[in-house]
$ cat target.cif   # mmCIF, C-alpha atoms
data_input
loop_
_atom_site.group_PDB
_atom_site.id
_atom_site.type_symbol
_atom_site.label_atom_id
_atom_site.label_comp_id
_atom_site.auth_asym_id
_atom_site.auth_seq_id
_atom_site.Cartn_x
_atom_site.Cartn_y
_atom_site.Cartn_z
ATOM 1 C CA TYR P 1 0.600 -28.385 10.921
ATOM 2 C CA LYS P 2 -1.536 -26.293 8.600
ATOM 3 C CA GLY P 3 -3.483 -27.495 5.619
ATOM 4 C CA HIS P 4 -7.174 -27.129 6.292
ATOM 5 C CA ALA P 5 -8.939 -24.091 4.825
ATOM 6 C CA PRO P 6 -8.036 -20.855 6.636
ATOM 7 C CA SER P 7 -10.190 -19.954 9.657
ATOM 8 C CA THR P 8 -11.915 -23.357 9.751
ATOM 9 C CA PRO P 9 -11.950 -25.427 12.929
ATOM 10 C CA VAL P 10 -10.413 -28.886 13.116
ATOM 11 C CA TRP P 11 -13.032 -31.121 14.776
ATOM 12 C CA SER P 12 -11.164 -34.407 15.209
ATOM 13 C CA VAL P 13 -7.641 -35.842 14.969
ATOM 14 C CA SER P 14 -6.616 -39.497 15.172
ATOM 15 C CA PHE P 15 -3.242 -41.249 14.983
ATOM 16 C CA ALA P 16 -2.791 -44.416 12.924
ATOM 17 C CA PRO P 17 -2.073 -47.608 14.894
ATOM 18 C CA CYS P 18 1.584 -47.367 13.760
ATOM 19 C CA GLY P 19 1.861 -43.795 15.069
ATOM 20 C CA TYR P 20 3.636 -42.248 12.060
ATOM 21 C CA TYR P 21 0.497 -41.073 10.243
ATOM 22 C CA PHE P 22 -2.413 -39.108 11.615
ATOM 23 C CA CYS P 23 -5.613 -37.823 10.072
ATOM 24 C CA SER P 24 -7.606 -34.653 10.762
ATOM 25 C CA VAL P 25 -11.095 -33.502 9.805
ATOM 26 C CA GLY P 26 -12.761 -30.127 10.039
ATOM 27 C CA SER P 27 -15.274 -27.667 8.700
ATOM 28 C CA ASP P 28 -13.814 -27.518 5.189
ATOM 29 C CA SER P 29 -15.608 -30.658 3.869
ATOM 30 C CA SER P 30 -12.429 -32.726 3.938
ATOM 31 C CA ALA P 31 -10.090 -35.022 5.810
ATOM 32 C CA ARG P 32 -6.324 -34.763 5.579
ATOM 33 C CA LEU P 33 -3.587 -37.336 6.058
ATOM 34 C CA TRP P 34 -0.362 -36.175 7.700
ATOM 35 C CA THR P 35 2.978 -37.617 8.757
ATOM 36 C CA THR P 36 4.772 -36.652 11.930
ATOM 37 C CA ASP P 37 7.821 -35.453 9.995
ATOM 38 C CA ARG P 38 6.057 -33.138 7.491
ATOM 39 C CA SER P 39 4.087 -30.000 8.270
ATOM 40 C CA LEU P 40 1.931 -30.251 5.129
ATOM 41 C CA PRO P 41 -0.705 -32.936 4.453
ATOM 42 C CA VAL P 42 0.317 -35.863 2.248
ATOM 43 C CA ARG P 43 -3.220 -36.824 1.181
ATOM 44 C CA LEU P 44 -6.587 -35.094 0.835
ATOM 45 C CA PHE P 45 -9.843 -37.037 1.264
ATOM 46 C CA SER P 46 -12.625 -35.133 -0.462
ATOM 47 C CA GLY P 47 -16.190 -36.284 -1.110
ATOM 48 C CA HIS P 48 -18.420 -35.337 1.803
ATOM 49 C CA THR P 49 -21.142 -32.913 0.716
ATOM 50 C CA SER P 50 -21.389 -30.922 3.950
ATOM 51 C CA GLU P 51 -18.937 -28.387 5.370
ATOM 52 C CA ASN P 52 -18.561 -30.246 8.650
ATOM 53 C CA VAL P 53 -16.640 -33.499 8.764
ATOM 54 C CA ASN P 54 -16.892 -34.231 12.479
ATOM 55 C CA SER P 55 -14.987 -37.372 13.345
ATOM 56 C CA VAL P 56 -12.199 -39.613 12.084
ATOM 57 C CA GLY P 57 -10.994 -43.079 13.085
ATOM 58 C CA TRP P 58 -8.473 -45.604 11.782
ATOM 59 C CA HIS P 59 -8.924 -49.156 10.588
ATOM 60 C CA PRO P 60 -6.640 -51.470 12.616
ATOM 61 C CA ASN P 61 -4.605 -52.365 9.514
ATOM 62 C CA ALA P 62 -3.821 -48.622 8.995
ATOM 63 C CA ASN P 63 -4.790 -48.821 5.300
ATOM 64 C CA TYR P 64 -8.124 -47.050 5.802
ATOM 65 C CA VAL P 65 -9.685 -44.186 7.733
ATOM 66 C CA VAL P 66 -13.370 -43.609 8.383
ATOM 67 C CA THR P 67 -14.963 -40.172 8.591
ATOM 68 C CA GLY P 68 -18.408 -39.027 9.738
ATOM 69 C CA SER P 69 -20.086 -35.866 8.473
ATOM 70 C CA ASP P 70 -23.098 -33.573 8.707
ATOM 71 C CA ASP P 71 -24.070 -34.908 5.250
ATOM 72 C CA LYS P 72 -25.575 -37.923 7.131
ATOM 73 C CA THR P 73 -22.915 -40.351 5.882
ATOM 74 C CA ALA P 74 -19.724 -42.001 6.983
ATOM 75 C CA ARG P 75 -17.054 -42.819 4.432
ATOM 76 C CA LEU P 76 -14.237 -45.351 4.439
ATOM 77 C CA TRP P 77 -11.149 -44.000 2.648
ATOM 78 C CA ASP P 78 -8.138 -45.803 1.177
ATOM 79 C CA VAL P 79 -5.091 -43.965 2.549
ATOM 80 C CA GLN P 80 -2.896 -44.947 -0.436
ATOM 81 C CA THR P 81 -5.208 -43.623 -3.164
ATOM 82 C CA GLY P 82 -7.328 -41.067 -1.280
ATOM 83 C CA GLN P 83 -10.470 -42.648 -2.753
ATOM 84 C CA SER P 84 -13.689 -43.369 -0.888
ATOM 85 C CA VAL P 85 -14.155 -47.158 -0.940
ATOM 86 C CA ARG P 86 -17.369 -47.371 1.143
ATOM 87 C CA LEU P 87 -20.269 -44.975 1.583
ATOM 88 C CA LEU P 88 -22.043 -45.788 4.852
ATOM 89 C CA SER P 89 -25.537 -44.318 4.818
ATOM 90 C CA GLY P 90 -28.948 -44.625 6.450
ATOM 91 C CA CYS P 91 -28.778 -41.806 9.006
ATOM 92 C CA ASN P 92 -31.443 -39.154 9.568
ATOM 93 C CA THR P 93 -29.081 -36.484 10.929
ATOM 94 C CA GLY P 94 -25.360 -35.709 10.749
ATOM 95 C CA ILE P 95 -22.814 -38.115 12.184
ATOM 96 C CA SER P 96 -20.913 -36.798 15.182
ATOM 97 C CA LYS P 97 -18.631 -39.773 16.013
ATOM 98 C CA VAL P 98 -17.259 -42.809 14.166
ATOM 99 C CA ARG P 99 -15.230 -45.801 15.357
ATOM 100 C CA ILE P 100 -14.036 -49.055 13.740
ATOM 101 C CA SER P 101 -14.124 -52.327 15.659
ATOM 102 C CA PRO P 102 -10.776 -53.876 16.715
ATOM 103 C CA ASP P 103 -11.127 -56.673 14.141
ATOM 104 C CA GLY P 104 -11.809 -54.114 11.383
ATOM 105 C CA ARG P 105 -15.113 -55.667 10.333
ATOM 106 C CA TYR P 106 -17.577 -53.082 11.642
ATOM 107 C CA CYS P 107 -18.004 -49.339 11.873
ATOM 108 C CA ALA P 108 -20.130 -47.592 14.483
ATOM 109 C CA GLY P 109 -21.413 -44.089 13.833
ATOM 110 C CA ALA P 110 -23.401 -41.864 16.182
ATOM 111 C CA GLU P 111 -25.779 -39.315 14.741
ATOM 112 C CA TYR P 112 -26.839 -36.094 16.471
ATOM 113 C CA ALA P 113 -30.297 -37.459 17.287
ATOM 114 C CA GLY P 114 -28.773 -40.092 19.584
ATOM 115 C CA VAL P 115 -29.022 -43.065 17.220
ATOM 116 C CA ILE P 116 -25.933 -45.243 16.846
ATOM 117 C CA HIS P 117 -25.613 -47.155 13.574
ATOM 118 C CA LEU P 118 -23.522 -50.251 12.950
ATOM 119 C CA TRP P 119 -22.277 -51.075 9.445
ATOM 120 C CA ASP P 120 -20.498 -54.107 8.009
ATOM 121 C CA LEU P 121 -17.374 -52.704 6.333
ATOM 122 C CA GLY P 122 -17.073 -55.653 3.935
ATOM 123 C CA SER P 123 -20.411 -54.930 2.290
ATOM 124 C CA GLY P 124 -21.086 -51.357 3.418
ATOM 125 C CA LYS P 125 -24.552 -52.403 4.623
ATOM 126 C CA LYS P 126 -26.091 -51.131 7.836
ATOM 127 C CA ILE P 127 -26.749 -54.109 10.092
ATOM 128 C CA SER P 128 -28.302 -52.474 13.134
ATOM 129 C CA SER P 129 -28.987 -49.288 15.039
ATOM 130 C CA PHE P 130 -29.307 -48.464 18.732
ATOM 131 C CA ARG P 131 -30.903 -45.511 20.507
ATOM 132 C CA GLN P 132 -28.867 -43.755 23.196
ATOM 133 C CA GLY P 133 -31.757 -42.402 25.257
ATOM 134 C CA GLN P 134 -35.365 -43.407 24.596
ATOM 135 C CA THR P 135 -37.067 -40.743 26.703
ATOM 136 C CA ALA P 136 -34.542 -37.927 26.640
ATOM 137 C CA SER P 137 -35.148 -34.728 24.706
ATOM 138 C CA LYS P 138 -33.319 -34.291 21.414
ATOM 139 C CA ARG P 139 -30.588 -32.242 23.119
ATOM 140 C CA GLU P 140 -30.122 -34.815 25.849
ATOM 141 C CA ARG P 141 -29.679 -37.679 23.394
ATOM 142 C CA ALA P 142 -26.569 -36.426 21.607
ATOM 143 C CA VAL P 143 -23.726 -38.969 21.655
ATOM 144 C CA HIS P 144 -20.243 -37.538 22.174
ATOM 145 C CA SER P 145 -18.174 -40.667 22.633
ATOM 146 C CA LEU P 146 -18.019 -44.206 21.200
ATOM 147 C CA SER P 147 -15.647 -47.038 22.037
ATOM 148 C CA PHE P 148 -15.463 -50.724 21.136
ATOM 149 C CA SER P 149 -14.141 -53.109 23.764
ATOM 150 C CA TYR P 150 -10.729 -54.605 22.981
ATOM 151 C CA CYS P 151 -12.322 -57.934 22.006
ATOM 152 C CA GLY P 152 -15.040 -56.198 19.960
ATOM 153 C CA ASN P 153 -17.902 -57.829 21.878
ATOM 154 C CA ALA P 154 -19.204 -54.578 23.358
ATOM 155 C CA LEU P 155 -19.825 -51.021 22.231
ATOM 156 C CA ALA P 156 -19.913 -48.178 24.783
ATOM 157 C CA ALA P 157 -21.488 -44.764 24.195
ATOM 158 C CA GLY P 158 -21.655 -41.627 26.300
ATOM 159 C CA GLY P 159 -23.430 -38.353 25.774
ATOM 160 C CA ASP P 160 -25.683 -35.550 26.928
ATOM 161 C CA ASP P 161 -27.959 -37.869 28.896
ATOM 162 C CA CYS P 162 -25.183 -38.191 31.532
ATOM 163 C CA CYS P 163 -24.922 -41.973 31.115
ATOM 164 C CA VAL P 164 -22.597 -44.525 29.605
ATOM 165 C CA ARG P 165 -24.460 -47.282 27.805
ATOM 166 C CA ILE P 166 -22.852 -50.552 26.783
ATOM 167 C CA TRP P 167 -24.327 -52.776 24.068
ATOM 168 C CA ASP P 168 -23.558 -56.473 23.835
ATOM 169 C CA LEU P 169 -22.397 -57.254 20.273
ATOM 170 C CA LYS P 170 -21.721 -60.963 20.697
ATOM 171 C CA GLY P 171 -24.403 -61.732 18.080
ATOM 172 C CA LEU P 172 -22.057 -60.344 15.447
ATOM 173 C CA GLN P 173 -19.635 -63.229 16.006
ATOM 174 C CA LYS P 174 -22.243 -66.000 15.606
ATOM 175 C CA ARG P 175 -23.122 -65.729 11.954
ATOM 176 C CA PRO P 176 -20.688 -63.547 10.024
ATOM 177 C CA GLY P 177 -22.022 -62.480 6.659
ATOM 178 C CA SER P 178 -25.711 -62.985 7.504
ATOM 179 C CA ILE P 179 -26.372 -60.802 10.496
ATOM 180 C CA GLU P 180 -29.990 -60.007 11.234
ATOM 181 C CA LYS P 181 -31.084 -57.026 13.282
ATOM 182 C CA GLU P 182 -32.596 -59.393 15.837
ATOM 183 C CA ASP P 183 -29.135 -60.787 16.620
ATOM 184 C CA LEU P 184 -28.188 -57.595 18.448
ATOM 185 C CA ARG P 185 -29.681 -56.234 21.638
ATOM 186 C CA LYS P 186 -31.638 -53.064 20.943
ATOM 187 C CA THR P 187 -31.398 -51.947 24.541
ATOM 188 C CA PRO P 188 -28.090 -51.520 26.301
ATOM 189 C CA ALA P 189 -26.741 -54.480 28.220
ATOM 190 C CA ARG P 190 -25.818 -52.015 30.937
ATOM 191 C CA THR P 191 -26.401 -48.345 31.710
ATOM 192 C CA ILE P 192 -24.061 -46.523 34.077
ATOM 193 C CA PRO P 193 -25.412 -43.186 35.382
#

$ encode --input "target.cif" --output "structure tokens"
Amino acid sequence: YKGHAPSTPVWSVSFAPCGYYFCSVGSDSSARLWTTDRSLPVRLFSGHTSENVNSVGWHPNANYVVTGSDDKTARLWDVQTGQSVRLLSGCNTGISKVRISPDGRYCAGAEYAGVIHLWDLGSGKKISSFRQGQTASKRERAVHSLSFSYCGNALAAGGDDCCVRIWDLKGLQKRPGSIEKEDLRKTPARTIP
């Protein structure tokens, strides 16, 4: 499968929940939608303003993908039209990883400085942020992995600080539509060295 700009790395690939489509992102400022039976992309997602688009993830309904970029934003894309339908902002550095919750309501994005942001996909508003390592140096704070629990009540992160941290997100379920930052735990519920 070739379709990204020549001599540019592909940073992330993710299959759709149905398995027929997959999406790739790389250092050519774009994301590309593919099918398993065609060697050329079927859709181009263009709009990030930095060369590096670092991470891609699928919405559970397979109608949307989310991408995270060095332009300090994440974007939610409609796979049918190729249009950006949400611009998720509020980061101080580039976004290295993105994930969508199993219920499709939230997006988590990790920036290079070790801060994890949580956005409501319905409104596009940032509802909270968490810090991976409070006392680690900038290098040690980088987050390389994010995962929501199957039920969506927890968010796990792992990175350069050699720990997995798990945040309790149960506050998100209490008052949908009016989530306050205080509803979420700022410190991890559990840290596993």

$ residues_around --input "target.cif" --residues "Glu111 of chain P" --least-positions-apart "3" --cutoff "10 Å" --atoms "all atoms listed in the file" --output "ChimeraX atom specification"
/P:68-70,72-73,91-98,114-117,131,141-144

$ residues_around --input "target.cif" --residues "segment 76-86 of chain P" --least-positions-apart "3" --cutoff "9 Å" --atoms "all atoms listed in the file" --output "ChimeraX atom specification"
/P:33,43-47,59,62-67,121-124

$ atom_distance --input "target.cif" --atom1 "atom CA of Ser149 of chain P" --atom2 "atom CA of Arg105 of chain P"
13.7 Å

$ resolve_selection --input "target.cif" --expression "the PyMOL selection byres ((chain P and resi 154) around 7)" --output "number ranges by chain"
P: 148-149, 152-153, 155-156, 166-169

$ write_last_selection --input "target.cif" --atoms "C-alpha atoms" --output "short mmCIF file (atom, residue, chain, number, x, y, z; two decimals), in the frame of the given file"
data_model
loop_
_atom_site.label_atom_id
_atom_site.label_comp_id
_atom_site.auth_asym_id
_atom_site.auth_seq_id
_atom_site.Cartn_x
_atom_site.Cartn_y
_atom_site.Cartn_z
CA PHE P 148 -15.46 -50.72 21.14
CA SER P 149 -14.14 -53.11 23.76
CA GLY P 152 -15.04 -56.20 19.96
CA ASN P 153 -17.90 -57.83 21.88
CA LEU P 155 -19.82 -51.02 22.23
CA ALA P 156 -19.91 -48.18 24.78
CA ILE P 166 -22.85 -50.55 26.78
CA TRP P 167 -24.33 -52.78 24.07
CA ASP P 168 -23.56 -56.47 23.84
CA LEU P 169 -22.40 -57.25 20.27
#

$ resolve_selection --input "target.cif" --expression "the PyMOL selection byres ((chain P and resi 35) around 7)" --output "JSON, numbers by chain"
{"P": [20, 21, 22, 34, 36, 37, 38]}

$ atom_distance --input "target.cif" --atom1 "atom CA of His48 of chain P" --atom2 "atom CA of Gly158 of chain P"
25.5 Å

$ resolve_selection --input "target.cif" --expression "the PyMOL selection byres ((chain P and resi 8) around 7)" --output "PyMOL selection string"
chain P and resi 4-7+9-10+26-28

$ residues_around --input "target.cif" --residues "Cys107 of chain P" --least-positions-apart "4" --cutoff "7 Å" --atoms "only C-alpha atoms" --output "PyMOL selection string"
chain P and resi 98-101+118-121

$ atom_distance --input "target.cif" --atom1 "atom CA of Ala113 of chain P" --atom2 "atom CA of Ser29 of chain P"
21.0 Å

$ closest_residue --input "target.cif" --among "P:Ala74, P:Ile127, P:Cys18, P:Val56" --to "Gly109 of chain P" --atoms "only C-alpha atoms"
P:Ala74

$ axis_aligned_box --input "target.cif" --around "segment 79-94 of chain P" --padding-each-side "3 Å" --output "AutoDock Vina command-line options"
--center_x -17.2 --center_y -41.5 --center_z 3.9 --size_x 34.5 --size_y 17.7 --size_z 20.1

$ decode --input "target.cif" --residues "segment 146-158 of chain P" --atoms "all heavy atoms" --output "mmCIF file, in the first residue's frame"
data_model
loop_
_atom_site.group_PDB
_atom_site.id
_atom_site.type_symbol
_atom_site.label_atom_id
_atom_site.label_comp_id
_atom_site.auth_asym_id
_atom_site.auth_seq_id
_atom_site.Cartn_x
_atom_site.Cartn_y
_atom_site.Cartn_z
ATOM 1 N N LEU P 146 -1.933 4.912 25.119
ATOM 2 C CA LEU P 146 -3.199 5.234 25.788
ATOM 3 C C LEU P 146 -4.191 4.117 25.510
ATOM 4 O O LEU P 146 -4.231 3.599 24.391
ATOM 5 C CB LEU P 146 -3.806 6.525 25.238
ATOM 6 C CG LEU P 146 -3.210 7.855 25.604
ATOM 7 C CD1 LEU P 146 -3.921 8.964 24.819
ATOM 8 C CD2 LEU P 146 -3.329 8.107 27.089
ATOM 9 N N SER P 147 -5.009 3.790 26.502
ATOM 10 C CA SER P 147 -6.052 2.792 26.288
ATOM 11 C C SER P 147 -7.203 3.022 27.256
ATOM 12 O O SER P 147 -6.989 3.190 28.456
ATOM 13 C CB SER P 147 -5.493 1.381 26.491
ATOM 14 O OG SER P 147 -6.494 0.420 26.231
ATOM 15 N N PHE P 148 -8.426 3.054 26.717
ATOM 16 C CA PHE P 148 -9.621 3.075 27.557
ATOM 17 C C PHE P 148 -9.959 1.646 27.953
ATOM 18 O O PHE P 148 -9.761 0.715 27.165
ATOM 19 C CB PHE P 148 -10.813 3.649 26.787
ATOM 20 C CG PHE P 148 -10.826 5.146 26.679
ATOM 21 C CD1 PHE P 148 -10.307 5.772 25.567
ATOM 22 C CD2 PHE P 148 -11.373 5.923 27.685
ATOM 23 C CE1 PHE P 148 -10.324 7.148 25.444
ATOM 24 C CE2 PHE P 148 -11.400 7.298 27.581
ATOM 25 C CZ PHE P 148 -10.868 7.919 26.462
ATOM 26 N N SER P 149 -10.497 1.470 29.148
ATOM 27 C CA SER P 149 -11.018 0.163 29.530
ATOM 28 C C SER P 149 -12.237 -0.136 28.662
ATOM 29 O O SER P 149 -12.854 0.775 28.089
ATOM 30 C CB SER P 149 -11.400 0.139 31.013
ATOM 31 O OG SER P 149 -12.455 1.056 31.265
ATOM 32 N N TYR P 150 -12.605 -1.399 28.576
ATOM 33 C CA TYR P 150 -13.732 -1.817 27.738
ATOM 34 C C TYR P 150 -15.017 -1.085 28.111
ATOM 35 O O TYR P 150 -15.792 -0.703 27.254
ATOM 36 C CB TYR P 150 -13.917 -3.328 27.835
ATOM 37 C CG TYR P 150 -15.056 -3.848 26.999
ATOM 38 C CD1 TYR P 150 -14.925 -3.958 25.621
ATOM 39 C CD2 TYR P 150 -16.268 -4.181 27.570
ATOM 40 C CE1 TYR P 150 -15.969 -4.410 24.829
ATOM 41 C CE2 TYR P 150 -17.324 -4.634 26.800
ATOM 42 C CZ TYR P 150 -17.173 -4.748 25.429
ATOM 43 O OH TYR P 150 -18.213 -5.188 24.660
ATOM 44 N N CYS P 151 -15.231 -0.868 29.416
ATOM 45 C CA CYS P 151 -16.444 -0.191 29.875
ATOM 46 C C CYS P 151 -16.319 1.326 29.794
ATOM 47 O O CYS P 151 -17.309 2.034 29.953
ATOM 48 C CB CYS P 151 -16.783 -0.611 31.300
ATOM 49 S SG CYS P 151 -15.522 -0.133 32.503
ATOM 50 N N GLY P 152 -15.114 1.842 29.558
ATOM 51 C CA GLY P 152 -14.905 3.278 29.444
ATOM 52 C C GLY P 152 -14.735 4.004 30.765
ATOM 53 O O GLY P 152 -14.626 5.221 30.791
ATOM 54 N N ASN P 153 -14.693 3.268 31.870
ATOM 55 C CA ASN P 153 -14.577 3.893 33.191
ATOM 56 C C ASN P 153 -13.145 4.186 33.610
ATOM 57 O O ASN P 153 -12.917 4.789 34.654
ATOM 58 C CB ASN P 153 -15.226 3.023 34.269
ATOM 59 C CG ASN P 153 -16.731 3.048 34.190
ATOM 60 O OD1 ASN P 153 -17.318 3.982 33.653
ATOM 61 N ND2 ASN P 153 -17.366 2.012 34.695
ATOM 62 N N ALA P 154 -12.171 3.753 32.826
ATOM 63 C CA ALA P 154 -10.775 3.979 33.181
ATOM 64 C C ALA P 154 -9.971 4.287 31.924
ATOM 65 O O ALA P 154 -10.300 3.835 30.829
ATOM 66 C CB ALA P 154 -10.204 2.751 33.882
ATOM 67 N N LEU P 155 -8.927 5.086 32.126
ATOM 68 C CA LEU P 155 -7.997 5.414 31.051
ATOM 69 C C LEU P 155 -6.592 5.088 31.536
ATOM 70 O O LEU P 155 -6.173 5.555 32.592
ATOM 71 C CB LEU P 155 -8.089 6.899 30.691
ATOM 72 C CG LEU P 155 -7.102 7.408 29.631
ATOM 73 C CD1 LEU P 155 -7.394 6.766 28.280
ATOM 74 C CD2 LEU P 155 -7.177 8.923 29.531
ATOM 75 N N ALA P 156 -5.877 4.252 30.784
ATOM 76 C CA ALA P 156 -4.507 3.862 31.136
ATOM 77 C C ALA P 156 -3.538 4.579 30.202
ATOM 78 O O ALA P 156 -3.831 4.792 29.023
ATOM 79 C CB ALA P 156 -4.333 2.354 31.009
ATOM 80 N N ALA P 157 -2.368 4.941 30.774
ATOM 81 C CA ALA P 157 -1.319 5.594 29.989
ATOM 82 C C ALA P 157 0.028 5.039 30.405
ATOM 83 O O ALA P 157 0.266 4.762 31.583
ATOM 84 C CB ALA P 157 -1.353 7.103 30.211
ATOM 85 N N GLY P 158 0.909 4.881 29.436
ATOM 86 C CA GLY P 158 2.267 4.427 29.705
ATOM 87 C C GLY P 158 3.247 5.265 28.922
ATOM 88 O O GLY P 158 2.925 5.772 27.852
#
